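Undergrad: Quick one, run_35.pdb (PDB, C-alpha atoms):
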ATOM      1  CA  MET A   1     -83.057  12.148-147.440
ATOM      2  CA  THR A   2     -79.553  13.648-147.143
ATOM      3  CA  LEU A   3     -78.153  11.064-149.552
ATOM      4  CA  ARG A   4     -80.889  11.781-152.124
ATOM      5  CA  TRP A   5     -80.230  15.535-151.812
ATOM      6  CA  LEU A   6     -76.520  14.997-152.483
ATOM      7  CA  ILE A   7     -77.235  12.784-155.497
ATOM      8  CA  CYS A   8     -79.720  15.199-157.045
ATOM      9  CA  PHE A   9     -77.236  18.041-156.914
ATOM     10  CA  ASN A  10     -74.437  16.041-158.456
ATOM     11  CA  ALA A  11     -74.695  16.782-162.202
ATOM     12  CA  SER A  12     -73.150  13.435-163.139
ATOM     13  CA  LEU A  13     -75.956  11.598-161.315
ATOM     14  CA  LEU A  14     -78.922  13.691-162.408
ATOM     15  CA  PRO A  15     -80.704  10.777-164.179
ATOM     16  CA  LEU A  16     -81.106   9.134-160.754
ATOM     17  CA  CYS A  17     -83.340  12.036-159.734
ATOM     18  CA  ALA A  18     -85.705  11.510-162.636
ATOM     19  CA  ALA A  19     -89.198  10.184-162.008
ATOM     20  CA  ALA A  20     -92.220   8.875-163.889
ATOM     21  CA  VAL A  21     -95.228  10.851-165.109
ATOM     22  CA  SER A  22     -98.351   8.825-165.826
ATOM     23  CA  GLY A  23    -101.996   9.346-166.612
ATOM     24  CA  ARG A  24    -104.883   8.391-168.839
ATOM     25  CA  VAL A  25    -106.681   9.986-171.780
ATOM     26  CA  GLU A  26    -110.350   9.430-172.611
ATOM     27  CA  LEU A  27    -111.930  10.298-175.969
ATOM     28  CA  ARG A  28    -115.549  11.432-176.169
ATOM     29  CA  ASP A  29    -118.094  12.506-178.797
ATOM     30  CA  SER A  30    -116.439  10.340-181.450
ATOM     31  CA  ARG A  31    -118.028   9.093-184.680
ATOM     32  CA  TYR A  32    -115.347   6.416-185.089
ATOM     33  CA  ALA A  33    -116.330   2.804-184.417
ATOM     34  CA  ALA A  34    -112.985   1.943-182.834
ATOM     35  CA  VAL A  35    -113.587   4.616-180.193
ATOM     36  CA  ARG A  36    -117.346   4.217-179.720
ATOM     37  CA  ASN A  37    -117.519   0.424-179.733
ATOM     38  CA  HIS A  38    -114.098  -0.651-178.514
ATOM     39  CA  GLN A  39    -112.914   2.318-176.428
ATOM     40  CA  ASP A  40    -109.720   2.581-178.414
ATOM     41  CA  TYR A  41    -108.014   5.681-177.029
ATOM     42  CA  SER A  42    -104.610   5.072-178.609
ATOM     43  CA  GLY A  43    -102.525   7.522-180.622
ATOM     44  CA  VAL A  44    -102.811  10.608-178.394
ATOM     45  CA  VAL A  45     -99.480  12.343-177.735
ATOM     46  CA  VAL A  46     -98.867  13.897-174.315
ATOM     47  CA  ALA A  47     -95.750  16.069-174.023
ATOM     48  CA  LEU A  48     -93.889  18.007-171.342
ATOM     49  CA  THR A  49     -91.791  21.097-172.065
ATOM     50  CA  PRO A  50     -89.540  22.318-169.221
ATOM     51  CA  LEU A  51     -90.259  25.800-167.919
ATOM     52  CA  GLY A  52     -87.473  28.259-167.225
ATOM     53  CA  SER A  53     -83.884  27.655-168.237
ATOM     54  CA  ALA A  54     -83.745  23.882-167.796
ATOM     55  CA  ALA A  55     -81.398  22.187-170.250
ATOM     56  CA  ILE A  56     -82.994  19.977-172.909
ATOM     57  CA  PRO A  57     -81.094  16.817-173.906
ATOM     58  CA  ALA A  58     -80.079  16.342-177.521
ATOM     59  CA  PRO A  59     -82.228  14.081-179.740
ATOM     60  CA  GLY A  60     -81.610  10.356-179.364
ATOM     61  CA  LYS A  61     -81.875   7.510-181.823
ATOM     62  CA  HIS A  62     -83.515   7.610-185.241
ATOM     63  CA  ALA A  63     -87.210   6.848-185.604
ATOM     64  CA  VAL A  64     -88.929   4.751-188.269
ATOM     65  CA  MET A  65     -92.246   5.141-190.095
ATOM     66  CA  LEU A  66     -92.712   1.936-192.084
ATOM     67  CA  GLN A  67     -94.692   1.748-195.336
ATOM     68  CA  LYS A  68     -96.296  -1.687-195.647
ATOM     69  CA  ASP A  69     -99.645  -2.892-197.031
ATOM     70  CA  LYS A  70    -100.137   0.691-198.261
ATOM     71  CA  THR A  71    -100.160   1.900-194.654
ATOM     72  CA  PHE A  72     -97.826   4.117-192.632
ATOM     73  CA  SER A  73     -96.853   2.507-189.327
ATOM     74  CA  PRO A  74     -97.087   3.838-186.729
ATOM     75  CA  HIS A  75     -99.964   6.067-187.742
ATOM     76  CA  VAL A  76     -98.970   8.623-185.105
ATOM     77  CA  LEU A  77     -95.245   9.038-184.431
ATOM     78  CA  ALA A  78     -93.896  11.355-181.716
ATOM     79  CA  ILE A  79     -90.257  12.486-181.968
ATOM     80  CA  GLN A  80     -87.969  15.132-180.525
ATOM     81  CA  ALA A  81     -87.042  18.061-182.744
ATOM     82  CA  GLY A  82     -83.777  17.367-184.535
ATOM     83  CA  SER A  83     -84.540  13.657-184.996
ATOM     84  CA  LEU A  84     -84.149  11.759-188.244
ATOM     85  CA  VAL A  85     -87.072   9.623-189.445
ATOM     86  CA  GLU A  86     -86.593   6.734-191.857
ATOM     87  CA  PHE A  87     -89.377   5.866-194.329
ATOM     88  CA  PRO A  88     -88.584   2.285-195.463
ATOM     89  CA  ASN A  89     -90.704   0.885-198.286
ATOM     90  CA  ALA A  90     -91.660  -2.713-197.414
ATOM     91  CA  ASP A  91     -94.312  -2.974-200.148
ATOM     92  CA  PRO A  92     -93.783  -4.539-203.601
ATOM     93  CA  ILE A  93     -94.757  -1.188-205.159
ATOM     94  CA  PHE A  94     -93.382   2.352-205.296
ATOM     95  CA  HIS A  95     -94.195   5.010-202.689
ATOM     96  CA  ASN A  96     -93.686   8.767-202.408
ATOM     97  CA  ALA A  97     -94.081  10.131-198.867
ATOM     98  CA  PHE A  98     -94.546  13.891-198.625
ATOM     99  CA  SER A  99     -96.066  16.688-196.584
ATOM    100  CA  SER A 100     -97.296  20.020-197.870
ATOM    101  CA  TYR A 101     -98.431  21.254-194.451
ATOM    102  CA  ASN A 102     -96.579  23.911-192.472
ATOM    103  CA  GLY A 103     -95.371  21.536-189.740
ATOM    104  CA  GLN A 104     -92.543  20.763-192.175
ATOM    105  CA  VAL A 105     -92.815  20.637-195.930
ATOM    106  CA  PHE A 106     -90.905  17.744-197.493
ATOM    107  CA  ASP A 107     -91.010  15.430-200.501
ATOM    108  CA  ILE A 108     -88.741  12.371-200.562
ATOM    109  CA  GLY A 109     -89.685  11.470-204.118
ATOM    110  CA  LEU A 110     -90.654   8.205-205.744
ATOM    111  CA  TYR A 111     -88.632   5.218-204.573
ATOM    112  CA  PRO A 112     -88.806   1.464-205.138
ATOM    113  CA  PRO A 113     -89.552  -1.533-202.901
ATOM    114  CA  GLY A 114     -86.859  -2.537-200.450
ATOM    115  CA  THR A 115     -85.317   0.932-200.192
ATOM    116  CA  THR A 116     -85.639   3.766-197.712
ATOM    117  CA  ARG A 117     -85.396   7.538-197.506
ATOM    118  CA  ALA A 118     -84.925   9.749-194.440
ATOM    119  CA  VAL A 119     -85.996  13.224-193.337
ATOM    120  CA  LYS A 120     -84.677  15.324-190.448
ATOM    121  CA  PHE A 121     -87.385  17.230-188.578
ATOM    122  CA  ALA A 122     -85.741  20.371-187.268
ATOM    123  CA  ARG A 123     -88.482  22.249-185.432
ATOM    124  CA  PRO A 124     -91.501  21.474-183.227
ATOM    125  CA  GLY A 125     -94.853  21.142-184.961
ATOM    126  CA  VAL A 126     -97.408  18.746-186.404
ATOM    127  CA  VAL A 127     -96.460  17.146-189.727
ATOM    128  CA  ARG A 128     -99.218  15.426-191.692
ATOM    129  CA  VAL A 129     -97.751  12.794-193.996
ATOM    130  CA  PHE A 130     -99.249  11.382-197.207
ATOM    131  CA  CYS A 131     -98.247   9.292-200.219
ATOM    132  CA  ASN A 132     -98.410  10.970-203.611
ATOM    133  CA  ILE A 133     -99.550   7.717-205.245
ATOM    134  CA  HIS A 134    -101.989   6.241-202.712
ATOM    135  CA  ALA A 135    -104.654   8.622-201.439
ATOM    136  CA  SER A 136    -105.614   6.313-198.564
ATOM    137  CA  MET A 137    -102.173   6.546-196.955
ATOM    138  CA  ASN A 138    -101.837   9.141-194.212
ATOM    139  CA  ALA A 139    -100.013   9.565-190.914
ATOM    140  CA  VAL A 140     -98.969  12.204-188.399
ATOM    141  CA  ILE A 141     -95.532  13.043-187.012
ATOM    142  CA  VAL A 142     -95.660  15.131-183.845
ATOM    143  CA  VAL A 143     -92.338  16.949-183.410
ATOM    144  CA  ILE A 144     -91.716  18.020-179.813
ATOM    145  CA  ALA A 145     -89.134  20.407-178.392
ATOM    146  CA  SER A 146     -88.208  18.123-175.478
ATOM    147  CA  PRO A 147     -87.639  14.361-175.089
ATOM    148  CA  TYR A 148     -90.385  14.031-172.469
ATOM    149  CA  PHE A 149     -93.440  12.641-174.227
ATOM    150  CA  ALA A 150     -95.544   9.517-174.582
ATOM    151  CA  THR A 151     -98.229   8.147-176.886
ATOM    152  CA  THR A 152    -101.325   6.581-175.340
ATOM    153  CA  LYS A 153    -102.009   2.855-175.461
ATOM    154  CA  GLN A 154    -105.384   1.432-176.485
ATOM    155  CA  ASP A 155    -106.787   1.881-172.984
ATOM    156  CA  GLY A 156    -105.685   5.530-172.995
ATOM    157  CA  THR A 157    -102.882   5.162-170.468
ATOM    158  CA  PHE A 158     -99.467   6.743-170.921
ATOM    159  CA  ASN A 159     -96.237   6.708-168.959
ATOM    160  CA  MET A 160     -93.120   8.864-169.286
ATOM    161  CA  VAL A 161     -89.986   7.690-167.494
ATOM    162  CA  GLU A 162     -86.821   9.530-166.473
ATOM    163  CA  VAL A 163     -88.467  12.949-166.314
ATOM    164  CA  PRO A 164     -86.269  15.273-164.205
ATOM    165  CA  GLN A 165     -87.888  17.041-161.288
ATOM    166  CA  GLY A 166     -89.161  20.511-162.079
ATOM    167  CA  GLN A 167     -92.007  22.474-163.610
ATOM    168  CA  TYR A 168     -93.384  21.736-167.068
ATOM    169  CA  ASN A 169     -95.994  22.830-169.551
ATOM    170  CA  LEU A 170     -98.122  19.836-170.530
ATOM    171  CA  THR A 171     -99.634  19.777-174.026
ATOM    172  CA  VAL A 172    -101.766  17.210-175.821
ATOM    173  CA  PHE A 173    -102.152  16.315-179.490
ATOM    174  CA  HIS A 174    -105.012  14.285-180.950
ATOM    175  CA  GLU A 175    -105.578  14.286-184.689
ATOM    176  CA  ARG A 176    -109.384  14.345-184.372
ATOM    177  CA  ALA A 177    -109.625  17.292-181.983
ATOM    178  CA  SER A 178    -109.758  20.981-182.801
ATOM    179  CA  GLU A 179    -106.882  23.312-181.993
ATOM    180  CA  ALA A 180    -109.126  25.169-179.530
ATOM    181  CA  THR A 181    -109.961  21.929-177.716
ATOM    182  CA  LEU A 182    -106.305  20.972-177.418
ATOM    183  CA  ALA A 183    -105.255  24.458-176.323
ATOM    184  CA  GLY A 184    -107.763  24.226-173.470
ATOM    185  CA  LEU A 185    -106.073  21.066-172.197
ATOM    186  CA  SER A 186    -102.645  22.680-171.791
ATOM    187  CA  GLN A 187    -101.608  22.953-168.143
ATOM    188  CA  LYS A 188     -98.656  23.539-165.838
ATOM    189  CA  ILE A 189     -97.507  20.564-163.783
ATOM    190  CA  THR A 190     -94.792  19.910-161.207
ATOM    191  CA  VAL A 191     -92.743  16.721-161.224
ATOM    192  CA  GLY A 192     -91.499  15.950-157.728
ATOM    193  CA  PRO A 193     -89.266  13.219-156.250
ATOM    194  CA  ASP A 194     -92.084  10.695-156.638
ATOM    195  CA  GLY A 195     -93.037  11.808-160.142
ATOM    196  CA  ALA A 196     -96.579  12.833-161.005
ATOM    197  CA  SER A 197     -99.829  10.962-161.479
ATOM    198  CA  LEU A 198    -102.167  13.132-163.528
ATOM    199  CA  ALA A 199    -105.936  13.345-163.454
ATOM    200  CA  ASN A 200    -107.806  11.905-166.451
ATOM    201  CA  ILE A 201    -107.516  14.021-169.591
ATOM    202  CA  VAL A 202    -110.813  14.102-171.499
ATOM    203  CA  ILE A 203    -110.704  15.039-175.193
ATOM    204  CA  SER A 204    -113.838  15.746-177.206
ATOM    205  CA  GLU A 205    -113.911  14.957-180.918
ATOM    206  CA  ALA A 206    -117.036  17.074-181.403
ATOM    207  CA  GLY A 207    -116.752  19.348-184.412
ATOM    208  CA  TYR A 208    -113.980  17.369-186.078
ATOM    209  CA  LEU A 209    -114.247  17.339-189.871
ATOM    210  CA  SER A 210    -112.194  15.056-192.092
ATOM    211  CA  ILE A 211    -111.138  16.984-195.194
ATOM    212  CA  PRO A 212    -109.782  15.096-198.243
ATOM    213  CA  HIS A 213    -106.191  16.014-198.956
ATOM    214  CA  LYS A 214    -104.589  16.810-202.305
ATOM    215  CA  ASN A 215    -101.523  15.219-203.863
ATOM    216  CA  LYS A 216     -98.142  16.959-203.669
ATOM    217  CA  TYR A 217     -98.994  19.089-206.697
ATOM    218  CA  GLY A 218    -102.160  20.405-205.044
ATOM    219  CA  HIS A 219    -104.424  18.351-207.334
ATOM    220  CA  ASP A 220    -107.081  15.759-206.614
ATOM    221  CA  TYR A 221    -105.997  12.112-206.763
ATOM    222  CA  PRO A 222    -107.189  10.183-209.833
ATOM    223  CA  PRO A 223    -110.648   8.702-209.137
ATOM    224  CA  ASN A 224    -109.349   5.185-209.817
ATOM    225  CA  SER A 225    -106.252   5.444-207.607
ATOM    226  CA  ALA A 226    -107.771   2.994-205.089
ATOM    227  CA  ASP A 227    -108.357   0.362-207.780
ATOM    228  CA  PRO A 228    -105.913  -2.597-207.458
ATOM    229  CA  ALA A 229    -105.444  -2.415-211.243
ATOM    230  CA  TYR A 230    -104.260   1.213-211.051
ATOM    231  CA  PRO A 231    -100.585   1.393-212.148
ATOM    232  CA  GLY A 232     -99.414   2.703-208.784
ATOM    233  CA  ASN A 233    -100.960  -0.272-206.994
ATOM    234  CA  LYS A 234     -99.325  -3.049-209.006
ATOM    235  CA  PRO A 235     -95.896  -4.576-208.273
TER     236      PRO A 235
END
Once you've parsed the file, please lay out its structure as structure tokens.

TA:
Amino acid sequence: MTLRWLICFNASLLPLCAAAVSGRVELRDSRYAAVRNHQDYSGVVVALTPLGSAAIPAPGKHAVMLQKDKTFSPHVLAIQAGSLVEFPNADPIFHNAFSSYNGQVFDIGLYPPGTTRAVKFARPGVVRVFCNIHASMNAVIVVIASPYFATTKQDGTFNMVEVPQGQYNLTVFHERASEATLAGLSQKITVGPDGASLANIVISEAGYLSIPHKNKYGHDYPPNSADPAYPGNKP
């Protein structure tokens, strides 16, 4: 015990005092077949923000949101504020990733196959990403103030490692839950020497409405934009 106390108060060895935070998320009241029939609870972001004056590490490595088969991958990407995200185009056609939502407005323009563009996400928030050419393409980037976060696996489990001991505010993001539902799941937790194992987090999708998005000019997509013969869909 004495040795652990000495280590934890030596600033150069602080990572040794970090612990794991784990738990599980369950989705309910869903109209989606993947959830109802296969219990797919993936893509939920659980984040911890230190309370008080705890120092927050600088952002780490770059993240990637790949465009392939007219799909953004991963569909939900969690990053720390200040991170750079690459948008490589691995399709044989042009893409134009953009967001017109207030999480962070950006437009990286039209660019050809085999190239990439990058965007730095400076502040916390939820960024909904689309392609100006392909209406079916959409994704979410969840920008978090701290580096302590995890995205759930298919079975709903999540695990954060190297979380320093202390008190945190836990928040949850799920794209098919209302803001009121998510706000009600926020809670204070304490991470001790042995970490923290959290009780199941249950998220209801009741009341979720999917609203068609506009292109970057605020207009509807052409009605034939999903047709393989449409110019934007051909190599």

Undergrad: Which residues would end up in the selection if the PyMOL selection byres ((chain A and resi 187-190) around 12) were applied here, given that I need the answer as a PyMOL selection string?

TA: chain A and resi 19-22+46-51+163-172+182-186+191-199+201

Undergrad: Taking the file as shown, what set of residues would the PyMOL selection byres ((chain A and resi 85) around 9) give back, as a list in words?

TA: His62, Ala63, Val64, Met65, Ile79, Ser83, Leu84, Glu86, Phe87, Arg117, Ala118, Val119, Lys120 and Phe121 of chain A

Undergrad: Kindly give the distance, in Å, that separates CA of Thr152 (chain A) and CA of Gly52 (chain A), rounded to a single decimal.

TA: 27.0 Å

Undergrad: State, in Å with one decimal place, the distance from CA of Gly125 (chain A) to CA of Ala90 (chain A).

TA: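 One can read the CA of Gly125 (chain A) to CA of Ala90 (chain A) distance as 27.1 Å.
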
Undergrad: Could you check how far CA of Asp220 (chain A) sits from CA of Ala97 (chain A), in Å to one decimal?

TA: 16.1 Å

Undergrad: I'd like to know which of A:Asn200, A:Gly207, A:Ala34, A:Val126 is closest to Gly156 (chain A), using only C-alpha atoms.

TA: A:Asn200

Undergrad: Give me the residues near Leu209 (chain A) as a list in words, where near means some atom within 12 Å (using only C-alpha atoms) and where sequence neighbours in that chain fewer than 4 positions away do not count.

TA: Ser30, Arg31, Tyr32, Glu175, Arg176, Ala177, Ser178 and Glu205 of chain A

Undergrad: Which is closest to Ser100 (chain A) among A:Gly43, A:Lys214, A:Pro74, A:Asn233, if we use only C-alpha atoms?

TA: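 Counting only C-alpha atoms, the residue closest to Ser100 (chain A) is A:Lys214.
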
Undergrad: Using all atoms listed in the file, which protein or nucleic acid residues come within 8 Å of Arg28 (chain A)? Drop anything in the same chain fewer than 6 positions from it, and give the result as a PyMOL selection string.

TA: chain A and resi 202-206

Undergrad: For Pro222 (chain A), which of A:Glu26, A:Ala145, A:His134, A:Met160 is the closest residue, counting all atoms listed in the file?

TA: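 For Pro222 (chain A), the nearest of the candidates is A:His134.
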
Undergrad: On this file, the PyMOL selection byres ((chain A and resi 41) around 8) gives some set of residues; write that set as a PDB file with C-alpha atoms, in the frame of the given file.

TA:
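Done, and the output landed in result.pdb:
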ATOM      1  CA  VAL A  25    -106.681   9.986-171.780  1.00  0.00           C
ATOM      2  CA  GLU A  26    -110.350   9.430-172.611  1.00  0.00           C
ATOM      3  CA  LEU A  27    -111.930  10.298-175.969  1.00  0.00           C
ATOM      4  CA  VAL A  35    -113.587   4.616-180.193  1.00  0.00           C
ATOM      5  CA  GLN A  39    -112.914   2.318-176.428  1.00  0.00           C
ATOM      6  CA  ASP A  40    -109.720   2.581-178.414  1.00  0.00           C
ATOM      7  CA  SER A  42    -104.610   5.072-178.609  1.00  0.00           C
ATOM      8  CA  GLY A  43    -102.525   7.522-180.622  1.00  0.00           C
ATOM      9  CA  VAL A  44    -102.811  10.608-178.394  1.00  0.00           C
ATOM     10  CA  THR A 152    -101.325   6.581-175.340  1.00  0.00           C
ATOM     11  CA  LYS A 153    -102.009   2.855-175.461  1.00  0.00           C
ATOM     12  CA  GLN A 154    -105.384   1.432-176.485  1.00  0.00           C
ATOM     13  CA  ASP A 155    -106.787   1.881-172.984  1.00  0.00           C
ATOM     14  CA  GLY A 156    -105.685   5.530-172.995  1.00  0.00           C
TER      15      GLY A 156
END

Undergrad: Fewer than 6 positions away in the same chain doesn't count, so skip those; otherwise give me all residues within 8 Å of Leu110 (chain A), counting all atoms listed in the file, as a count of residues only.

TA: 4

Undergrad: From the set A:Asn159, A:Asn132, A:Gln67, A:Ser53, which residue has the shortest atom-to-atom contact distance to Pro92 (chain A), counting all atoms listed in the file?

TA: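 Once distances to Pro92 (chain A) are computed over all atoms listed in the file, the minimum belongs to A:Gln67.
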
Undergrad: Smallest atom-to-atom distance to Ile93 (chain A): which of A:Pro212, A:Gly109, A:Gly114, A:Pro124, using only C-alpha atoms?

TA: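 Between A:Pro212, A:Gly109, A:Gly114, A:Pro124, the residue approaching Ile93 (chain A) most closely is A:Gly114.
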